[in-house]
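Everything below concerns the one structure shown next.
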Amino acid sequence: MTERERHVPVLLQEAIRYLNLLRGGTYVDATLGLAGHSSAIARAIGPEGKLIAFDRDPEAMALAKARLNALREELGAEMPEVVLHDTEFSGAAELIEPASLDGLLADFGVSSLQFDEAHRGFSFQADGPLEMRMNPRRGHSAAQVVNQMDEKELANLIYEFGEERRSRRIARAIVRARPVTTTAELAGIVRAAAPPMKSDRIHPATRTFQALRIYVNDELGEIESLLEAAPRLLKPGGRLVVISFHSLEDRRAKDAIRAGAQQGIYEALTRKPVIAEEEETDRNPRARSAKLRAAEKLAAKPGQGKRR
């Protein structure tokens, strides 16, 4: 069994619990990845259920299809209907019927597959090309951004999406070093421009890489589009479950659920974000930064105000 086949998604049991899966229900996995969450959903909803999943990454989609095909062979007549969309989840509003979902799950951020493959360019742990696109069929690569963007704009995106205080110094160093073509080269430039401080627990290039990845993939715009569409797509009683991996993602999920609760659209199910237990973080260090938030769509009532 390969590592990919052994893949266990972050906060799996918690996500399944908050989705409150119904046999025969219709569910969306907005971030299919290696189909870990989707496989668990498929096992629970039965042959009358429907699973709809999105992933813009063609490599992830190919692996997920293989995993779901193997699950279909295992479950046989108990396998639900599965509809796969190899596109951005921001298109959910156009591809899914309003008020048709019993649950919507989104596991934001970068998958282990993307981080672990050097040729994808998401990580500086192994040298690779500066790519970073989740969907290599669209948009600009990180190399194009790094080598073509104006220095001020580059500094602004590193500050905004990486929350990096030394963004101007880093942007200046990158522009002076152009052309920059590999992950190791970029990491070295950032480290030289902004050496680690005593309080730092992460590599000094981590925030810059995060910023470039978010920008290249319009990750925050995608998240905002999905969170805006979710109330229209969910049935009354339907559940929204969101897993975030850094503050920019979590803030958007928190704000969307809070605003929905204030407007009488949602009942928040998590007062504070759910985090992984020690056993899971020991097994999967990536789970340490994961935060889960959940809400339930309320039934609309004439003259309904804020729920008390």
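Identifiers in this document derive from the order of the structure tokens: chains are assigned A, B, ..., residues are numbered from 1 separately in each chain, and ligands are numbered from 1 in order of occurrence.
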Extract the full set of strand (DSSP E) residues from segment 63-256 of chain A according to DSSP on the backbone, and format it as a PDB file with C-alpha atoms, in the first residue's frame.
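Produced file selection16.pdb, reproduced below:
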ATOM      1  CA  GLU A  81     -24.244   8.372  -7.219  1.00  0.00           C
ATOM      2  CA  VAL A  82     -20.999  10.316  -7.657  1.00  0.00           C
ATOM      3  CA  VAL A  83     -20.654  13.483  -9.743  1.00  0.00           C
ATOM      4  CA  LEU A  84     -17.131  14.894 -10.170  1.00  0.00           C
ATOM      5  CA  HIS A  85     -16.326  18.417 -11.393  1.00  0.00           C
ATOM      6  CA  LEU A 101     -27.714  19.959  -0.367  1.00  0.00           C
ATOM      7  CA  ASP A 102     -27.856  18.216   2.986  1.00  0.00           C
ATOM      8  CA  GLY A 103     -24.255  19.170   3.602  1.00  0.00           C
ATOM      9  CA  LEU A 104     -21.255  21.006   2.161  1.00  0.00           C
ATOM     10  CA  LEU A 105     -17.686  20.268   3.258  1.00  0.00           C
ATOM     11  CA  ALA A 106     -14.605  22.284   2.328  1.00  0.00           C
ATOM     12  CA  ASP A 107     -11.050  21.434   3.440  1.00  0.00           C
ATOM     13  CA  LEU A 234     -28.091  24.147   1.428  1.00  0.00           C
ATOM     14  CA  LYS A 235     -31.511  22.826   2.376  1.00  0.00           C
ATOM     15  CA  PRO A 236     -33.014  23.922   5.700  1.00  0.00           C
ATOM     16  CA  GLY A 237     -31.207  21.732   8.211  1.00  0.00           C
ATOM     17  CA  GLY A 238     -28.251  21.310   5.859  1.00  0.00           C
ATOM     18  CA  ARG A 239     -24.769  21.586   7.337  1.00  0.00           C
ATOM     19  CA  LEU A 240     -21.758  23.704   6.338  1.00  0.00           C
ATOM     20  CA  VAL A 241     -18.413  22.327   7.552  1.00  0.00           C
ATOM     21  CA  VAL A 242     -15.187  24.209   6.838  1.00  0.00           C
ATOM     22  CA  ILE A 243     -11.596  23.234   7.671  1.00  0.00           C
ATOM     23  CA  SER A 244      -8.991  26.017   7.529  1.00  0.00           C
TER      24      SER A 244
END
* **Polymer residues at most 12 Å from Lys272 of chain A, only C-alpha atoms, same-chain spacing of 6 or more positions, as a PyMOL selection string** => chain A and resi 250+253-254+257-258+291-295
* Separation of atom CA of Leu298 of chain A from atom CA of Tyr266 of chain A in Å -> 5.4 Å
Could you write out, as a compact mmCIF listing (two decimals) with N, CA and C atoms, in the first residue's frame, all the residues of segment 4-220 of chain A that DSSP marks as alpha helix (DSSP H)?
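Final output, selection29.txt:
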# COMPACT_ATOMS: atom_id res chain seq x y z
N LEU A 12 -11.01 14.04 10.10
CA LEU A 12 -12.01 13.24 9.39
C LEU A 12 -13.23 12.95 10.26
N GLN A 13 -13.02 12.40 11.44
CA GLN A 13 -14.15 12.01 12.29
C GLN A 13 -14.97 13.23 12.70
N GLU A 14 -14.28 14.33 12.99
CA GLU A 14 -14.99 15.55 13.38
C GLU A 14 -15.81 16.10 12.22
N ALA A 15 -15.26 16.07 11.02
CA ALA A 15 -15.99 16.56 9.85
C ALA A 15 -17.24 15.72 9.59
N ILE A 16 -17.09 14.41 9.69
CA ILE A 16 -18.23 13.52 9.47
C ILE A 16 -19.30 13.73 10.54
N ARG A 17 -18.86 13.93 11.77
CA ARG A 17 -19.83 14.14 12.86
C ARG A 17 -20.63 15.42 12.65
N TYR A 18 -19.95 16.51 12.27
CA TYR A 18 -20.67 17.78 12.09
C TYR A 18 -21.50 17.81 10.80
N LEU A 19 -21.14 17.01 9.81
CA LEU A 19 -21.98 16.92 8.61
C LEU A 19 -23.31 16.24 8.92
N GLY A 36 -10.37 11.30 0.58
CA GLY A 36 -10.50 10.77 1.94
C GLY A 36 -11.84 11.10 2.57
N HIS A 37 -12.19 12.39 2.59
CA HIS A 37 -13.50 12.78 3.12
C HIS A 37 -14.62 12.20 2.26
N SER A 38 -14.46 12.28 0.95
CA SER A 38 -15.50 11.79 0.05
C SER A 38 -15.77 10.31 0.24
N SER A 39 -14.75 9.53 0.46
CA SER A 39 -14.93 8.09 0.67
C SER A 39 -15.75 7.82 1.92
N ALA A 40 -15.48 8.57 2.98
CA ALA A 40 -16.23 8.40 4.22
C ALA A 40 -17.69 8.81 4.03
N ILE A 41 -17.92 9.88 3.28
CA ILE A 41 -19.30 10.32 2.99
C ILE A 41 -20.02 9.25 2.17
N ALA A 42 -19.36 8.75 1.14
CA ALA A 42 -19.98 7.75 0.26
C ALA A 42 -20.39 6.50 1.03
N ARG A 43 -19.57 6.08 1.97
CA ARG A 43 -19.90 4.89 2.76
C ARG A 43 -21.17 5.08 3.59
N ALA A 44 -21.45 6.31 3.97
CA ALA A 44 -22.54 6.57 4.91
C ALA A 44 -23.88 6.85 4.24
N ILE A 45 -23.89 7.38 3.00
CA ILE A 45 -25.15 7.88 2.46
C ILE A 45 -25.90 6.86 1.60
N PRO A 58 -5.71 18.51 -11.78
CA PRO A 58 -5.90 17.29 -12.58
C PRO A 58 -5.19 16.07 -12.02
N GLU A 59 -4.04 16.25 -11.36
CA GLU A 59 -3.34 15.11 -10.77
C GLU A 59 -4.14 14.53 -9.60
N ALA A 60 -4.66 15.41 -8.75
CA ALA A 60 -5.47 14.96 -7.63
C ALA A 60 -6.75 14.28 -8.13
N MET A 61 -7.37 14.85 -9.16
CA MET A 61 -8.60 14.28 -9.68
C MET A 61 -8.38 12.86 -10.21
N ALA A 62 -7.28 12.64 -10.91
CA ALA A 62 -7.00 11.31 -11.45
C ALA A 62 -6.84 10.29 -10.33
N LEU A 63 -6.13 10.67 -9.26
CA LEU A 63 -5.93 9.76 -8.14
C LEU A 63 -7.24 9.53 -7.38
N ALA A 64 -8.03 10.59 -7.22
CA ALA A 64 -9.30 10.46 -6.53
C ALA A 64 -10.26 9.55 -7.29
N LYS A 65 -10.29 9.68 -8.61
CA LYS A 65 -11.15 8.81 -9.42
C LYS A 65 -10.79 7.35 -9.22
N ALA A 66 -9.49 7.07 -9.20
CA ALA A 66 -9.05 5.70 -8.99
C ALA A 66 -9.48 5.19 -7.62
N ARG A 67 -9.37 6.05 -6.61
CA ARG A 67 -9.76 5.64 -5.26
C ARG A 67 -11.26 5.42 -5.16
N LEU A 68 -12.04 6.28 -5.79
CA LEU A 68 -13.49 6.12 -5.76
C LEU A 68 -13.95 4.92 -6.58
N ASN A 69 -13.22 4.62 -7.66
CA ASN A 69 -13.54 3.41 -8.43
C ASN A 69 -13.30 2.16 -7.60
N ALA A 70 -12.20 2.17 -6.83
CA ALA A 70 -11.93 1.03 -5.94
C ALA A 70 -13.00 0.92 -4.86
N LEU A 71 -13.47 2.05 -4.36
CA LEU A 71 -14.54 2.04 -3.37
C LEU A 71 -15.84 1.51 -3.98
N ARG A 72 -16.10 1.85 -5.24
CA ARG A 72 -17.30 1.35 -5.92
C ARG A 72 -17.26 -0.17 -6.04
N GLU A 73 -16.09 -0.71 -6.33
CA GLU A 73 -15.95 -2.17 -6.40
C GLU A 73 -16.20 -2.80 -5.03
N GLU A 74 -15.74 -2.12 -3.98
CA GLU A 74 -15.92 -2.64 -2.62
C GLU A 74 -17.38 -2.57 -2.18
N LEU A 75 -18.03 -1.44 -2.43
CA LEU A 75 -19.40 -1.24 -1.93
C LEU A 75 -20.46 -1.84 -2.83
N ALA A 92 -19.59 26.31 -7.92
CA ALA A 92 -20.64 25.48 -7.33
C ALA A 92 -22.03 26.06 -7.53
N ALA A 93 -22.15 27.38 -7.43
CA ALA A 93 -23.47 28.01 -7.54
C ALA A 93 -24.10 27.79 -8.91
N GLU A 94 -23.27 27.65 -9.94
CA GLU A 94 -23.78 27.43 -11.29
C GLU A 94 -24.02 25.95 -11.58
N LEU A 95 -23.37 25.07 -10.84
CA LEU A 95 -23.41 23.65 -11.14
C LEU A 95 -24.33 22.85 -10.21
N SER A 112 -1.56 17.31 0.82
CA SER A 112 -0.24 16.69 1.01
C SER A 112 0.35 16.28 -0.33
N LEU A 113 -0.50 15.89 -1.28
CA LEU A 113 -0.03 15.55 -2.62
C LEU A 113 0.69 16.73 -3.26
N GLN A 114 0.09 17.91 -3.17
CA GLN A 114 0.70 19.09 -3.78
C GLN A 114 1.99 19.48 -3.08
N PHE A 115 2.00 19.43 -1.76
CA PHE A 115 3.20 19.78 -1.01
C PHE A 115 4.35 18.80 -1.27
N ASP A 116 4.02 17.53 -1.39
CA ASP A 116 5.05 16.51 -1.43
C ASP A 116 5.70 16.32 -2.79
N ALA A 142 3.90 30.83 -10.28
CA ALA A 142 4.62 31.65 -9.31
C ALA A 142 5.86 32.27 -9.93
N ALA A 143 6.49 31.56 -10.86
CA ALA A 143 7.68 32.11 -11.53
C ALA A 143 7.33 33.38 -12.30
N GLN A 144 6.19 33.37 -12.98
CA GLN A 144 5.78 34.56 -13.72
C GLN A 144 5.51 35.72 -12.78
N VAL A 145 4.89 35.45 -11.65
CA VAL A 145 4.61 36.51 -10.67
C VAL A 145 5.92 37.06 -10.11
N VAL A 146 6.79 36.18 -9.69
CA VAL A 146 8.06 36.59 -9.06
C VAL A 146 8.94 37.39 -10.02
N ASN A 147 8.92 37.02 -11.28
CA ASN A 147 9.83 37.64 -12.23
C ASN A 147 9.25 38.81 -13.01
N GLN A 148 7.94 38.99 -12.97
CA GLN A 148 7.33 40.04 -13.78
C GLN A 148 6.61 41.11 -12.98
N GLU A 151 7.83 45.69 -8.08
CA GLU A 151 8.35 45.46 -6.73
C GLU A 151 7.35 45.86 -5.65
N LYS A 152 6.69 47.01 -5.81
CA LYS A 152 5.72 47.45 -4.81
C LYS A 152 4.54 46.48 -4.72
N GLU A 153 4.04 46.04 -5.87
CA GLU A 153 2.93 45.08 -5.87
C GLU A 153 3.35 43.76 -5.22
N LEU A 154 4.58 43.34 -5.51
CA LEU A 154 5.08 42.09 -4.94
C LEU A 154 5.18 42.21 -3.43
N ALA A 155 5.67 43.34 -2.95
CA ALA A 155 5.76 43.56 -1.50
C ALA A 155 4.37 43.55 -0.86
N ASN A 156 3.41 44.17 -1.53
CA ASN A 156 2.06 44.23 -0.99
C ASN A 156 1.41 42.85 -0.88
N LEU A 157 1.62 42.01 -1.90
CA LEU A 157 0.99 40.68 -1.85
C LEU A 157 1.65 39.80 -0.80
N ILE A 158 2.97 39.94 -0.62
CA ILE A 158 3.66 39.17 0.43
C ILE A 158 3.18 39.60 1.81
N TYR A 159 2.93 40.89 1.96
CA TYR A 159 2.43 41.40 3.25
C TYR A 159 0.99 40.96 3.50
N GLU A 160 0.14 41.11 2.47
CA GLU A 160 -1.29 40.84 2.63
C GLU A 160 -1.59 39.35 2.78
N PHE A 161 -1.01 38.53 1.91
CA PHE A 161 -1.35 37.11 1.89
C PHE A 161 -0.41 36.26 2.73
N GLY A 162 0.76 36.79 3.05
CA GLY A 162 1.71 36.05 3.89
C GLY A 162 1.81 36.60 5.29
N SER A 167 8.10 42.39 4.21
CA SER A 167 7.76 42.16 2.81
C SER A 167 8.52 43.07 1.85
N ARG A 168 8.73 44.33 2.23
CA ARG A 168 9.42 45.26 1.32
C ARG A 168 10.87 44.82 1.10
N ARG A 169 11.52 44.42 2.18
CA ARG A 169 12.90 43.96 2.07
C ARG A 169 12.98 42.70 1.21
N ILE A 170 12.04 41.80 1.38
CA ILE A 170 12.03 40.56 0.61
C ILE A 170 11.76 40.82 -0.86
N ALA A 171 10.79 41.68 -1.14
CA ALA A 171 10.46 42.00 -2.54
C ALA A 171 11.65 42.64 -3.24
N ARG A 172 12.34 43.53 -2.54
CA ARG A 172 13.51 44.19 -3.13
C ARG A 172 14.59 43.17 -3.48
N ALA A 173 14.82 42.23 -2.59
CA ALA A 173 15.83 41.20 -2.83
C ALA A 173 15.44 40.30 -4.00
N ILE A 174 14.17 39.97 -4.10
CA ILE A 174 13.70 39.12 -5.21
C ILE A 174 13.90 39.82 -6.54
N VAL A 175 13.52 41.10 -6.60
CA VAL A 175 13.65 41.86 -7.86
C VAL A 175 15.11 41.97 -8.27
N ARG A 176 15.99 42.18 -7.33
CA ARG A 176 17.42 42.29 -7.64
C ARG A 176 18.01 40.96 -8.11
N ALA A 177 17.42 39.86 -7.67
CA ALA A 177 17.96 38.52 -8.01
C ALA A 177 17.36 37.94 -9.29
N THR A 183 12.34 26.74 -6.47
CA THR A 183 11.90 26.94 -5.08
C THR A 183 13.09 27.14 -4.14
N ALA A 184 14.14 26.38 -4.35
CA ALA A 184 15.31 26.51 -3.48
C ALA A 184 15.96 27.88 -3.65
N GLU A 185 16.01 28.35 -4.90
CA GLU A 185 16.59 29.66 -5.17
C GLU A 185 15.78 30.76 -4.47
N LEU A 186 14.47 30.70 -4.58
CA LEU A 186 13.63 31.71 -3.94
C LEU A 186 13.75 31.64 -2.42
N ALA A 187 13.74 30.44 -1.86
CA ALA A 187 13.87 30.30 -0.41
C ALA A 187 15.18 30.88 0.09
N GLY A 188 16.26 30.67 -0.68
CA GLY A 188 17.56 31.21 -0.30
C GLY A 188 17.59 32.73 -0.34
N ILE A 189 16.94 33.31 -1.33
CA ILE A 189 16.88 34.78 -1.46
C ILE A 189 16.13 35.38 -0.27
N VAL A 190 15.00 34.76 0.08
CA VAL A 190 14.20 35.26 1.20
C VAL A 190 14.96 35.13 2.51
N ARG A 191 15.59 33.99 2.70
CA ARG A 191 16.33 33.76 3.95
C ARG A 191 17.47 34.78 4.10
N ALA A 192 18.15 35.10 3.00
CA ALA A 192 19.24 36.07 3.07
C ALA A 192 18.71 37.48 3.35
N ALA A 193 17.54 37.79 2.80
CA ALA A 193 16.98 39.13 2.98
C ALA A 193 16.33 39.30 4.34
N THR A 206 8.63 30.73 4.62
CA THR A 206 7.30 30.11 4.68
C THR A 206 6.19 31.09 4.32
N ARG A 207 6.23 32.29 4.88
CA ARG A 207 5.15 33.26 4.64
C ARG A 207 5.15 33.76 3.20
N THR A 208 6.34 33.92 2.63
CA THR A 208 6.42 34.36 1.23
C THR A 208 5.85 33.29 0.30
N PHE A 209 6.18 32.04 0.55
CA PHE A 209 5.64 30.94 -0.26
C PHE A 209 4.12 30.87 -0.11
N GLN A 210 3.63 31.04 1.11
CA GLN A 210 2.18 31.03 1.33
C GLN A 210 1.52 32.15 0.54
N ALA A 211 2.12 33.34 0.58
CA ALA A 211 1.55 34.49 -0.11
C ALA A 211 1.47 34.26 -1.62
N LEU A 212 2.53 33.75 -2.19
CA LEU A 212 2.55 33.49 -3.63
C LEU A 212 1.52 32.44 -4.01
N ARG A 213 1.43 31.40 -3.22
CA ARG A 213 0.47 30.32 -3.50
C ARG A 213 -0.97 30.84 -3.45
N ILE A 214 -1.28 31.63 -2.43
CA ILE A 214 -2.62 32.18 -2.29
C ILE A 214 -2.95 33.08 -3.48
N TYR A 215 -1.99 33.92 -3.86
CA TYR A 215 -2.21 34.84 -4.97
C TYR A 215 -2.38 34.10 -6.29
N VAL A 216 -1.48 33.17 -6.57
CA VAL A 216 -1.50 32.43 -7.84
C VAL A 216 -2.82 31.70 -8.02
N GLU A 219 -6.90 31.91 -3.84
CA GLU A 219 -7.52 31.05 -2.83
C GLU A 219 -8.57 31.76 -2.00
N LEU A 220 -8.30 33.00 -1.61
CA LEU A 220 -9.25 33.70 -0.76
C LEU A 220 -10.50 34.09 -1.54
* Asked: Hey, can you check how far atom CA of Ala268 of chain A sits from atom CA of Lys297 of chain A?
  -> 9.0 Å
* Structure fact -> Here atom CA of Thr281 of chain A and atom CA of Leu248 of chain A stand apart by 21.3 Å
Within 10 Å of Gly46 of chain A, counting only C-alpha atoms, which residues show up once you throw out same-chain ones fewer than 6 positions away? Write them as an mmCIF file with N, CA and C atoms, in the first residue's frame, please.
data_model
loop_
_atom_site.group_PDB
_atom_site.id
_atom_site.type_symbol
_atom_site.label_atom_id
_atom_site.label_comp_id
_atom_site.auth_asym_id
_atom_site.auth_seq_id
_atom_site.Cartn_x
_atom_site.Cartn_y
_atom_site.Cartn_z
ATOM 1 N N LEU A 22 -26.862 11.847 6.414
ATOM 2 C CA LEU A 22 -28.149 11.172 6.305
ATOM 3 C C LEU A 22 -28.105 10.174 5.165
ATOM 4 N N ARG A 23 -28.571 8.988 5.413
ATOM 5 C CA ARG A 23 -28.661 8.004 4.330
ATOM 6 C C ARG A 23 -29.628 8.537 3.264
ATOM 7 N N GLY A 24 -29.179 8.515 2.010
ATOM 8 C CA GLY A 24 -29.980 9.059 0.929
ATOM 9 C C GLY A 24 -29.795 10.557 0.719
ATOM 10 N N GLY A 25 -28.910 11.189 1.491
ATOM 11 C CA GLY A 25 -28.699 12.629 1.387
ATOM 12 C C GLY A 25 -27.797 13.016 0.216
ATOM 13 N N LEU A 75 -18.033 -1.439 -2.426
ATOM 14 C CA LEU A 75 -19.401 -1.239 -1.927
ATOM 15 C C LEU A 75 -20.461 -1.843 -2.831
ATOM 16 N N ALA A 77 -23.532 -2.391 -4.833
ATOM 17 C CA ALA A 77 -24.840 -1.747 -4.923
ATOM 18 C C ALA A 77 -25.050 -0.691 -3.841
ATOM 19 N N GLU A 78 -24.170 -0.637 -2.842
ATOM 20 C CA GLU A 78 -24.306 0.364 -1.779
ATOM 21 C C GLU A 78 -23.632 1.687 -2.125
ATOM 22 N N MET A 79 -22.973 1.755 -3.304
ATOM 23 C CA MET A 79 -22.277 2.978 -3.698
ATOM 24 C C MET A 79 -23.278 4.037 -4.140
ATOM 25 N N PRO A 80 -23.147 5.253 -3.623
ATOM 26 C CA PRO A 80 -24.063 6.322 -4.049
ATOM 27 C C PRO A 80 -23.708 6.835 -5.439
ATOM 28 N N GLU A 81 -24.566 7.658 -5.977
ATOM 29 C CA GLU A 81 -24.244 8.372 -7.219
ATOM 30 C C GLU A 81 -23.114 9.356 -6.928
#
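For Ala118 of chain A, the residues within 9 Å (counting only C-alpha atoms, excluding itself and residues fewer than 3 positions away along the chain) are Gln114, Phe115, Gly121, Phe122, Ser123, Phe124, Gln125, Ala126, Asp127, Gly128, Pro129 and Thr183 of chain A.
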